[in-house]
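For reference, the structure is listed below as structure tokens.
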Amino acid sequence: MILLPGDGIGPEITEPAVQVLEAVGAGLEFERHLFGGASIDAFGTPLTDDTLAVCREADAVLLAAVGGPKWDQAAAADPSFPRPEQGLLGLRKRLGLFANLRPVRPLPALYGASPLKRELIERVDLLVVRELTGGIYFGEKSRTAERASDLCAYSRPEIERIARVAFGAARSRVTSVDKANVLETSRLWREVVHEVHAAEFPNIELEHLLVDNAAMRLVAAPRHFDVILTENMFGDILSDEAAMLTGSIGMLPSASLGEQGPGLFEPVHGSAPDIAGTGAANPLAMILSAAMMLRHGLAMEAQAAAIESAVDRALDEGLRTPDLGGGDTTVAATQAVLKHL
């Protein structure tokens, strides 16, 4: 499998994930490659052809985080300067990773860390299914000194395939989120999702919500949701909002999957350059992303469940990194998980 430590706290949270994967007996071979800002510094591009080639041939790819003010400032001064995030978008597109899965399950041990009242987040267990390779992030872009535009476009096949992922993952209900009162892409989205539901998944309940209403319900009644299905930009925003139900974005893993080939697994949080090198990074989202990799990418359910159980028990025993209101270091958090593995 390929490791892409990336930037900021990325290398610091990659090693804990490797330690846990080795301890759980997954029997994996690891190959590390520069990616994002680190790759720009070394090669002038966030994603080299060599890195893309080895990722395509791998069984799975585990990514930490990319980006930072150093490269943002360079890009602001020179629009032709590559941004680290372009490597991530390019990797998703070239590997055909159209389905992003972001589970949100606040743990009882962390109910007190959430900004929401305990009674709102108890028993919340939802999944955001985000379309990952279409929409405004990948549409045609233009800019002059006076005007800029980003094209948002979706095709029927793109919507059909992500809808099938969402319905296939649902226990009882899919909430499809759009802005169909304003956007033509959303009107097509709603129409196609309805057709896929009626033809293939009539046993699953389907509801349509406008994105602003969905954002309000996520904090007012999060237990309402089972699977949230949405397009690229809305999914990016809503999944980060949903992350706060858990108390910290440092707790959320994700999986990006395609129809064939390796999946990409990464924590939802960013590179956190402000705490890089301080030992304060929370490695749990990266460790849980490794568990998702074992489950969805390598069909190792027992090992995945063992890692998730170890994280739960470490938190039950009092593990708290600074983002969770405690003082445990990255090393201490890793040791706490290993102890319960």
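Simple scheme: letters A, B, ... for chains in structure tokens order, numbers from 1 for residues in each chain, numbers from 1 for ligands in the order shown.
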- Task: Within 12 Å of His269 (chain A), counting only C-alpha atoms, which residues show up once you throw out same-chain ones fewer than 6 positions away? Write them as a ChimeraX atom specification, please.
- Result: /A:8-10,13,63-67,102,236,239-241,243-244,248-254,281-286,289,323
Export, as an mmCIF file, in the first residue's frame, the selected residues with C-alpha atoms.
```cif
data_model
loop_
_atom_site.group_PDB
_atom_site.id
_atom_site.type_symbol
_atom_site.label_atom_id
_atom_site.label_comp_id
_atom_site.auth_asym_id
_atom_site.auth_seq_id
_atom_site.Cartn_x
_atom_site.Cartn_y
_atom_site.Cartn_z
ATOM 1 C CA GLY A 8 1.942 19.984 8.180
ATOM 2 C CA ILE A 9 0.985 17.383 10.767
ATOM 3 C CA GLY A 10 0.695 14.765 8.008
ATOM 4 C CA ILE A 13 -0.071 11.256 12.152
ATOM 5 C CA LEU A 63 -3.179 9.972 2.752
ATOM 6 C CA ALA A 64 -2.634 12.261 5.747
ATOM 7 C CA ALA A 65 -3.083 15.945 4.794
ATOM 8 C CA VAL A 66 -1.873 18.591 2.352
ATOM 9 C CA GLY A 67 -1.499 22.353 2.208
ATOM 10 C CA ARG A 102 -17.710 10.184 5.707
ATOM 11 C CA ASP A 236 -17.633 19.219 1.463
ATOM 12 C CA SER A 239 -19.538 16.903 6.201
ATOM 13 C CA ASP A 240 -17.325 19.445 7.973
ATOM 14 C CA GLU A 241 -20.394 20.766 9.799
ATOM 15 C CA ALA A 243 -17.834 16.650 12.059
ATOM 16 C CA MET A 244 -18.509 19.011 14.930
ATOM 17 C CA SER A 248 -13.636 17.651 16.922
ATOM 18 C CA ILE A 249 -12.901 17.385 13.227
ATOM 19 C CA GLY A 250 -9.822 15.489 14.427
ATOM 20 C CA MET A 251 -12.016 12.431 14.958
ATOM 21 C CA LEU A 252 -13.422 11.899 11.463
ATOM 22 C CA PRO A 253 -12.064 9.458 8.863
ATOM 23 C CA SER A 254 -13.109 9.156 5.224
ATOM 24 C CA ALA A 281 -1.824 16.526 16.668
ATOM 25 C CA ASN A 282 -4.719 14.127 17.177
ATOM 26 C CA PRO A 283 -3.877 10.888 15.274
ATOM 27 C CA LEU A 284 -7.272 9.239 15.812
ATOM 28 C CA ALA A 285 -8.904 10.307 12.528
ATOM 29 C CA MET A 286 -5.874 8.971 10.654
ATOM 30 C CA SER A 289 -9.055 6.113 8.239
ATOM 31 C CA ASP A 323 -8.543 19.376 20.364
#
```
Selection: 10 Å around Pro16 (chain A), only C-alpha atoms, excl. self and same-chain fewer than 3 positions, as a PDB file with N, CA and C atoms, in the first residue's frame:
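Below is the file result.pdb, written as the result:
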```pdb
ATOM      1  N   PRO A  11       2.998  13.974   8.338  1.00  0.00           N
ATOM      2  CA  PRO A  11       3.967  12.940   8.719  1.00  0.00           C
ATOM      3  C   PRO A  11       3.821  12.487  10.171  1.00  0.00           C
ATOM      4  N   GLU A  12       3.386  13.408  11.051  1.00  0.00           N
ATOM      5  CA  GLU A  12       3.262  13.077  12.471  1.00  0.00           C
ATOM      6  C   GLU A  12       2.109  12.121  12.756  1.00  0.00           C
ATOM      7  N   ILE A  13       1.055  12.161  11.923  1.00  0.00           N
ATOM      8  CA  ILE A  13      -0.071  11.256  12.152  1.00  0.00           C
ATOM      9  C   ILE A  13       0.012  10.010  11.277  1.00  0.00           C
ATOM     10  N   GLN A  19       1.989   2.212  12.868  1.00  0.00           N
ATOM     11  CA  GLN A  19       2.198   1.396  14.061  1.00  0.00           C
ATOM     12  C   GLN A  19       0.971   0.552  14.379  1.00  0.00           C
ATOM     13  N   VAL A  20      -0.205   1.154  14.256  1.00  0.00           N
ATOM     14  CA  VAL A  20      -1.440   0.425  14.556  1.00  0.00           C
ATOM     15  C   VAL A  20      -1.686  -0.667  13.513  1.00  0.00           C
ATOM     16  N   LEU A  21      -1.461  -0.364  12.251  1.00  0.00           N
ATOM     17  CA  LEU A  21      -1.647  -1.368  11.199  1.00  0.00           C
ATOM     18  C   LEU A  21      -0.691  -2.542  11.379  1.00  0.00           C
ATOM     19  N   GLU A  22       0.533  -2.263  11.790  1.00  0.00           N
ATOM     20  CA  GLU A  22       1.483  -3.345  12.038  1.00  0.00           C
ATOM     21  C   GLU A  22       1.069  -4.165  13.259  1.00  0.00           C
ATOM     22  N   PRO A 283      -4.047  11.883  16.337  1.00  0.00           N
ATOM     23  CA  PRO A 283      -3.877  10.888  15.274  1.00  0.00           C
ATOM     24  C   PRO A 283      -5.088   9.989  15.061  1.00  0.00           C
ATOM     25  N   LEU A 284      -6.176  10.206  15.821  1.00  0.00           N
ATOM     26  CA  LEU A 284      -7.272   9.239  15.812  1.00  0.00           C
ATOM     27  C   LEU A 284      -8.016   9.191  14.483  1.00  0.00           C
ATOM     28  N   MET A 286      -6.755   9.702  11.573  1.00  0.00           N
ATOM     29  CA  MET A 286      -5.874   8.971  10.654  1.00  0.00           C
ATOM     30  C   MET A 286      -5.911   7.481  10.954  1.00  0.00           C
ATOM     31  N   ILE A 287      -5.901   7.133  12.236  1.00  0.00           N
ATOM     32  CA  ILE A 287      -5.978   5.721  12.622  1.00  0.00           C
ATOM     33  C   ILE A 287      -7.314   5.120  12.193  1.00  0.00           C
ATOM     34  N   THR A 330       0.455  13.372  20.704  1.00  0.00           N
ATOM     35  CA  THR A 330       0.278  12.416  19.615  1.00  0.00           C
ATOM     36  C   THR A 330       0.816  11.046  20.010  1.00  0.00           C
ATOM     37  N   VAL A 331       1.994  11.039  20.627  1.00  0.00           N
ATOM     38  CA  VAL A 331       2.617   9.774  21.049  1.00  0.00           C
ATOM     39  C   VAL A 331       1.768   9.095  22.111  1.00  0.00           C
ATOM     40  N   ALA A 333      -1.437   9.411  22.629  1.00  0.00           N
ATOM     41  CA  ALA A 333      -2.670   8.912  22.017  1.00  0.00           C
ATOM     42  C   ALA A 333      -2.429   7.605  21.278  1.00  0.00           C
ATOM     43  N   THR A 334      -1.312   7.531  20.576  1.00  0.00           N
ATOM     44  CA  THR A 334      -0.985   6.316  19.836  1.00  0.00           C
ATOM     45  C   THR A 334      -0.775   5.144  20.782  1.00  0.00           C
ATOM     46  N   GLN A 335      -0.056   5.377  21.861  1.00  0.00           N
ATOM     47  CA  GLN A 335       0.202   4.325  22.841  1.00  0.00           C
ATOM     48  C   GLN A 335      -1.088   3.854  23.512  1.00  0.00           C
ATOM     49  N   VAL A 337      -4.077   3.750  22.131  1.00  0.00           N
ATOM     50  CA  VAL A 337      -4.766   2.863  21.193  1.00  0.00           C
ATOM     51  C   VAL A 337      -4.080   1.512  21.124  1.00  0.00           C
ATOM     52  N   LEU A 338      -2.750   1.519  21.029  1.00  0.00           N
ATOM     53  CA  LEU A 338      -2.008   0.255  20.958  1.00  0.00           C
ATOM     54  C   LEU A 338      -2.243  -0.602  22.197  1.00  0.00           C
TER      55      LEU A 338
END
```
- Message: Could you pull out the helix (DSSP H, G or I) residues of region 168-330 of chain A, going by DSSP on the backbone, and write them as a PyMOL selection string?
- Response: chain A and resi 168-169+184-200+211-220+222-224+232-246+249-251+284-297+301-316+322-324+330
Now that the selection is made, can you save its residues with C-alpha atoms as a PDB file, in the first residue's frame?
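File written: out08.pdb
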```
ATOM      1  CA  GLY A 168     -26.681   0.680  -1.075  1.00  0.00           C
ATOM      2  CA  ALA A 169     -25.235   2.017   2.186  1.00  0.00           C
ATOM      3  CA  GLU A 184     -30.387  23.566 -12.892  1.00  0.00           C
ATOM      4  CA  THR A 185     -27.719  21.051 -11.839  1.00  0.00           C
ATOM      5  CA  SER A 186     -29.723  20.431  -8.678  1.00  0.00           C
ATOM      6  CA  ARG A 187     -32.946  19.954 -10.638  1.00  0.00           C
ATOM      7  CA  LEU A 188     -31.261  17.269 -12.736  1.00  0.00           C
ATOM      8  CA  TRP A 189     -29.758  15.802  -9.559  1.00  0.00           C
ATOM      9  CA  ARG A 190     -33.158  15.522  -7.892  1.00  0.00           C
ATOM     10  CA  GLU A 191     -34.774  14.025 -10.999  1.00  0.00           C
ATOM     11  CA  VAL A 192     -32.100  11.346 -11.485  1.00  0.00           C
ATOM     12  CA  VAL A 193     -31.931  10.391  -7.788  1.00  0.00           C
ATOM     13  CA  HIS A 194     -35.702   9.930  -7.815  1.00  0.00           C
ATOM     14  CA  GLU A 195     -35.476   7.687 -10.892  1.00  0.00           C
ATOM     15  CA  VAL A 196     -32.731   5.484  -9.394  1.00  0.00           C
ATOM     16  CA  HIS A 197     -34.723   5.169  -6.175  1.00  0.00           C
ATOM     17  CA  ALA A 198     -37.955   4.189  -7.899  1.00  0.00           C
ATOM     18  CA  ALA A 199     -36.318   1.661 -10.239  1.00  0.00           C
ATOM     19  CA  GLU A 200     -33.748   0.023  -7.961  1.00  0.00           C
ATOM     20  CA  VAL A 211     -28.997  22.453   1.386  1.00  0.00           C
ATOM     21  CA  ASP A 212     -29.783  25.343   3.744  1.00  0.00           C
ATOM     22  CA  ASN A 213     -32.547  23.316   5.413  1.00  0.00           C
ATOM     23  CA  ALA A 214     -30.215  20.313   5.673  1.00  0.00           C
ATOM     24  CA  ALA A 215     -27.555  22.468   7.337  1.00  0.00           C
ATOM     25  CA  MET A 216     -30.046  23.596   9.965  1.00  0.00           C
ATOM     26  CA  ARG A 217     -31.342  20.093  10.631  1.00  0.00           C
ATOM     27  CA  LEU A 218     -27.818  18.746  11.087  1.00  0.00           C
ATOM     28  CA  VAL A 219     -27.449  20.796  14.254  1.00  0.00           C
ATOM     29  CA  ALA A 220     -31.102  20.848  15.334  1.00  0.00           C
ATOM     30  CA  PRO A 222     -28.991  15.135  13.663  1.00  0.00           C
ATOM     31  CA  ARG A 223     -30.597  11.806  14.626  1.00  0.00           C
ATOM     32  CA  HIS A 224     -33.005  12.337  11.744  1.00  0.00           C
ATOM     33  CA  ASN A 232     -19.291  17.811  -4.352  1.00  0.00           C
ATOM     34  CA  MET A 233     -19.317  21.296  -2.824  1.00  0.00           C
ATOM     35  CA  PHE A 234     -22.394  20.821  -0.641  1.00  0.00           C
ATOM     36  CA  GLY A 235     -20.933  17.536   0.633  1.00  0.00           C
ATOM     37  CA  ASP A 236     -17.633  19.219   1.463  1.00  0.00           C
ATOM     38  CA  ILE A 237     -19.376  21.845   3.573  1.00  0.00           C
ATOM     39  CA  LEU A 238     -21.999  19.633   5.241  1.00  0.00           C
ATOM     40  CA  SER A 239     -19.538  16.903   6.201  1.00  0.00           C
ATOM     41  CA  ASP A 240     -17.325  19.445   7.973  1.00  0.00           C
ATOM     42  CA  GLU A 241     -20.394  20.766   9.799  1.00  0.00           C
ATOM     43  CA  ALA A 242     -21.362  17.216  10.760  1.00  0.00           C
ATOM     44  CA  ALA A 243     -17.834  16.650  12.059  1.00  0.00           C
ATOM     45  CA  MET A 244     -18.509  19.011  14.930  1.00  0.00           C
ATOM     46  CA  LEU A 245     -21.186  16.650  16.251  1.00  0.00           C
ATOM     47  CA  THR A 246     -18.301  14.452  17.365  1.00  0.00           C
ATOM     48  CA  ILE A 249     -12.901  17.385  13.227  1.00  0.00           C
ATOM     49  CA  GLY A 250      -9.822  15.489  14.427  1.00  0.00           C
ATOM     50  CA  MET A 251     -12.016  12.431  14.958  1.00  0.00           C
ATOM     51  CA  LEU A 284      -7.272   9.239  15.812  1.00  0.00           C
ATOM     52  CA  ALA A 285      -8.904  10.307  12.528  1.00  0.00           C
ATOM     53  CA  MET A 286      -5.874   8.971  10.654  1.00  0.00           C
ATOM     54  CA  ILE A 287      -5.978   5.721  12.622  1.00  0.00           C
ATOM     55  CA  LEU A 288      -9.714   5.391  11.935  1.00  0.00           C
ATOM     56  CA  SER A 289      -9.055   6.113   8.239  1.00  0.00           C
ATOM     57  CA  ALA A 290      -6.642   3.179   8.308  1.00  0.00           C
ATOM     58  CA  ALA A 291      -9.488   1.081   9.732  1.00  0.00           C
ATOM     59  CA  MET A 292     -11.769   2.199   6.876  1.00  0.00           C
ATOM     60  CA  MET A 293      -8.997   1.213   4.470  1.00  0.00           C
ATOM     61  CA  LEU A 294      -8.900  -2.288   5.940  1.00  0.00           C
ATOM     62  CA  ARG A 295     -12.692  -2.622   5.688  1.00  0.00           C
ATOM     63  CA  HIS A 296     -13.502  -0.982   2.346  1.00  0.00           C
ATOM     64  CA  GLY A 297     -10.206  -1.371   0.521  1.00  0.00           C
ATOM     65  CA  GLU A 301     -13.264  -6.536   8.601  1.00  0.00           C
ATOM     66  CA  ALA A 302     -11.925  -8.169  11.790  1.00  0.00           C
ATOM     67  CA  GLN A 303      -8.806  -6.008  11.849  1.00  0.00           C
ATOM     68  CA  ALA A 304     -10.837  -2.864  11.097  1.00  0.00           C
ATOM     69  CA  ALA A 305     -13.256  -3.582  13.928  1.00  0.00           C
ATOM     70  CA  ALA A 306     -10.345  -4.248  16.306  1.00  0.00           C
ATOM     71  CA  ILE A 307      -8.838  -0.832  15.600  1.00  0.00           C
ATOM     72  CA  GLU A 308     -12.165   0.964  16.037  1.00  0.00           C
ATOM     73  CA  SER A 309     -12.789  -0.868  19.306  1.00  0.00           C
ATOM     74  CA  ALA A 310      -9.321   0.074  20.578  1.00  0.00           C
ATOM     75  CA  VAL A 311      -9.971   3.753  19.817  1.00  0.00           C
ATOM     76  CA  ASP A 312     -13.329   3.596  21.624  1.00  0.00           C
ATOM     77  CA  ARG A 313     -11.788   1.991  24.721  1.00  0.00           C
ATOM     78  CA  ALA A 314      -8.855   4.400  24.810  1.00  0.00           C
ATOM     79  CA  LEU A 315     -11.309   7.307  24.833  1.00  0.00           C
ATOM     80  CA  ASP A 316     -13.457   5.587  27.472  1.00  0.00           C
ATOM     81  CA  PRO A 322      -5.798  19.102  22.992  1.00  0.00           C
ATOM     82  CA  ASP A 323      -8.543  19.376  20.364  1.00  0.00           C
ATOM     83  CA  LEU A 324     -10.702  17.246  22.677  1.00  0.00           C
ATOM     84  CA  THR A 330       0.278  12.416  19.615  1.00  0.00           C
TER      85      THR A 330
END
```
- Task: Write out as a PyMOL selection string each polymer residue whose atoms come within 8 Å of Thr175 (chain A), counting only C-alpha atoms; drop sequence neighbours fewer than 6 positions from it.
- Result: chain A and resi 206-209+225-229
Write the residues of the selection above to a file with N, CA and C atoms, as a compact mmCIF listing (two decimals), in the first residue's frame.
```
# COMPACT_ATOMS: atom_id res chain seq x y z
N LEU A 206 -36.78 7.78 0.61
CA LEU A 206 -36.05 8.89 0.01
C LEU A 206 -36.74 10.19 0.35
N GLU A 207 -35.93 11.16 0.78
CA GLU A 207 -36.43 12.52 0.95
C GLU A 207 -35.45 13.50 0.31
N HIS A 208 -35.96 14.63 -0.15
CA HIS A 208 -35.14 15.67 -0.75
C HIS A 208 -35.16 16.89 0.18
N LEU A 209 -33.98 17.44 0.46
CA LEU A 209 -33.87 18.64 1.27
C LEU A 209 -33.03 19.67 0.54
N PHE A 225 -31.01 11.82 10.44
CA PHE A 225 -30.31 11.40 9.24
C PHE A 225 -29.76 9.98 9.35
N ASP A 226 -29.86 9.25 8.25
CA ASP A 226 -29.21 7.95 8.08
C ASP A 226 -28.08 8.12 7.07
N VAL A 227 -28.40 8.31 5.80
CA VAL A 227 -27.41 8.61 4.77
C VAL A 227 -27.77 9.94 4.11
N ILE A 228 -26.78 10.82 4.05
CA ILE A 228 -26.93 12.10 3.35
C ILE A 228 -26.20 11.98 2.02
N LEU A 229 -26.94 12.17 0.93
CA LEU A 229 -26.38 12.09 -0.42
C LEU A 229 -26.33 13.48 -1.01
```
- CA of Ser114 (chain A) and CA of Ala166 (chain A) are how many Å apart?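 Going from CA of Ser114 (chain A) over to CA of Ala166 (chain A) covers 26.4 Å.
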- Query: Quick one: DSSP strand (DSSP E or B) residues in region 69-248 of chain A, as JSON, numbers by chain?
  - Reply: {"A": [99, 100, 101, 102, 103, 104, 126, 127, 128, 129, 130, 131, 141, 142, 143, 148, 149, 150, 173, 174, 175, 176, 177, 178, 205, 206, 207, 208, 209, 210, 227, 228, 229, 230]}
Restricting it to N, CA and C atoms, dump the selection as a short mmCIF file (atom, residue, chain, number, x, y, z; two decimals), in the first residue's frame.
```
data_model
loop_
_atom_site.label_atom_id
_atom_site.label_comp_id
_atom_site.auth_asym_id
_atom_site.auth_seq_id
_atom_site.Cartn_x
_atom_site.Cartn_y
_atom_site.Cartn_z
N ALA A 99 -16.83 8.48 -5.17
CA ALA A 99 -17.69 8.35 -3.99
C ALA A 99 -16.88 8.56 -2.72
N ASN A 100 -17.22 9.61 -1.99
CA ASN A 100 -16.56 9.90 -0.72
C ASN A 100 -17.51 9.55 0.42
N LEU A 101 -17.06 8.67 1.31
CA LEU A 101 -17.86 8.23 2.45
C LEU A 101 -17.30 8.85 3.73
N ARG A 102 -18.14 9.57 4.46
CA ARG A 102 -17.71 10.18 5.71
C ARG A 102 -18.68 9.80 6.82
N PRO A 103 -18.34 8.79 7.61
CA PRO A 103 -19.22 8.40 8.73
C PRO A 103 -19.10 9.36 9.89
N VAL A 104 -20.21 9.64 10.54
CA VAL A 104 -20.25 10.52 11.70
C VAL A 104 -20.97 9.78 12.82
N LEU A 126 -24.63 8.59 11.32
CA LEU A 126 -25.00 8.94 9.95
C LEU A 126 -23.79 8.82 9.03
N LEU A 127 -24.08 8.79 7.75
CA LEU A 127 -23.04 8.69 6.73
C LEU A 127 -23.29 9.74 5.66
N VAL A 128 -22.28 10.57 5.38
CA VAL A 128 -22.35 11.51 4.27
C VAL A 128 -21.72 10.85 3.05
N VAL A 129 -22.49 10.74 1.98
CA VAL A 129 -22.00 10.21 0.71
C VAL A 129 -21.91 11.39 -0.25
N ARG A 130 -20.69 11.79 -0.54
CA ARG A 130 -20.41 12.99 -1.33
C ARG A 130 -19.87 12.62 -2.70
N GLU A 131 -20.47 13.17 -3.75
CA GLU A 131 -19.93 13.00 -5.10
C GLU A 131 -18.61 13.77 -5.17
N LYS A 141 -12.91 26.89 -15.41
CA LYS A 141 -12.68 28.09 -14.61
C LYS A 141 -12.10 29.19 -15.47
N SER A 142 -12.46 30.43 -15.18
CA SER A 142 -11.88 31.56 -15.88
C SER A 142 -11.75 32.73 -14.91
N ARG A 143 -10.78 33.59 -15.21
CA ARG A 143 -10.57 34.75 -14.34
C ARG A 143 -9.87 35.85 -15.12
N ALA A 148 -14.51 36.59 -12.46
CA ALA A 148 -14.10 35.19 -12.32
C ALA A 148 -15.34 34.30 -12.38
N SER A 149 -15.15 33.08 -12.87
CA SER A 149 -16.29 32.15 -12.95
C SER A 149 -15.80 30.72 -12.73
N ASP A 150 -16.69 29.91 -12.14
CA ASP A 150 -16.46 28.48 -11.95
C ASP A 150 -17.72 27.76 -12.41
N ARG A 173 -33.09 5.23 5.26
CA ARG A 173 -33.45 6.48 4.59
C ARG A 173 -32.24 7.11 3.92
N VAL A 174 -32.46 7.67 2.73
CA VAL A 174 -31.47 8.52 2.07
C VAL A 174 -32.07 9.92 1.98
N THR A 175 -31.31 10.89 2.47
CA THR A 175 -31.68 12.29 2.34
C THR A 175 -30.82 12.90 1.25
N SER A 176 -31.42 13.22 0.13
CA SER A 176 -30.69 13.81 -0.99
C SER A 176 -30.74 15.32 -0.86
N VAL A 177 -29.57 15.94 -0.84
CA VAL A 177 -29.46 17.38 -0.58
C VAL A 177 -29.08 18.11 -1.86
N ASP A 178 -29.78 19.19 -2.15
CA ASP A 178 -29.52 19.95 -3.38
C ASP A 178 -29.96 21.40 -3.18
N GLU A 205 -36.42 4.57 2.08
CA GLU A 205 -37.12 5.86 2.06
C GLU A 205 -36.21 6.92 1.43
N LEU A 206 -36.78 7.78 0.61
CA LEU A 206 -36.05 8.89 0.01
C LEU A 206 -36.74 10.19 0.35
N GLU A 207 -35.93 11.16 0.78
CA GLU A 207 -36.43 12.52 0.95
C GLU A 207 -35.45 13.50 0.31
N HIS A 208 -35.96 14.63 -0.15
CA HIS A 208 -35.14 15.67 -0.75
C HIS A 208 -35.16 16.89 0.18
N LEU A 209 -33.98 17.44 0.46
CA LEU A 209 -33.87 18.64 1.27
C LEU A 209 -33.03 19.67 0.54
N LEU A 210 -33.41 20.92 0.64
CA LEU A 210 -32.55 21.99 0.17
C LEU A 210 -31.37 22.11 1.13
N VAL A 227 -28.40 8.31 5.80
CA VAL A 227 -27.41 8.61 4.77
C VAL A 227 -27.77 9.94 4.11
N ILE A 228 -26.78 10.82 4.05
CA ILE A 228 -26.93 12.10 3.35
C ILE A 228 -26.20 11.98 2.02
N LEU A 229 -26.94 12.17 0.93
CA LEU A 229 -26.38 12.09 -0.42
C LEU A 229 -26.33 13.48 -1.01
N THR A 230 -25.15 13.90 -1.49
CA THR A 230 -25.09 15.23 -2.04
C THR A 230 -23.92 15.40 -2.99
#
```
- Message: My list of candidates is A:Pro115, A:Phe98, A:Leu120, A:Pro106. Which is closest to Glu259 (chain A) when distances are computed with only C-alpha atoms?
- Response: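 Among A:Pro115, A:Phe98, A:Leu120, A:Pro106, it is A:Phe98 that comes nearest to Glu259 (chain A).
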- Distance CA of His340 (chain A)-CA of Ala23 (chain A), one decimal place? 10.8 Å
- Task: For CA of Ala77 (chain A) and CA of Gly139 (chain A), quote the distance in Å rounded to one decimal.
- Result: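 Computed distance, CA of Ala77 (chain A) to CA of Gly139 (chain A), equals 23.6 Å.
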- Query: So which one's closest to Gly6 (chain A), A:Pro273, A:Gly25, A:Gly263, A:Gly135? Using only C-alpha atoms, please.
  - Reply: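 Of A:Pro273, A:Gly25, A:Gly263, A:Gly135, the one nearest Gly6 (chain A) is A:Pro273, counting only C-alpha atoms.
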- Between A:Arg94, A:Asp328, A:Leu264, A:Asp125, which has the minimum distance to Met1 (chain A) (counting only C-alpha atoms)? A:Leu264
- Task: Identify which of the residues A:Glu85, A:Asp78, A:Asp59, A:Asp49 lies closest to Gly37 (chain A), counting only C-alpha atoms when measuring atom-to-atom distances.
- Result: A:Glu85
- Message: I'd like the neighbourhood of Ala53 (chain A) as a PyMOL selection string, where a residue qualifies if any of its atoms comes within 12 Å (using only C-alpha atoms), though same-chain residues fewer than 2 positions away should be ignored.
- Response: chain A and resi 2+33+47-51+55-58+61+91+94-95+262
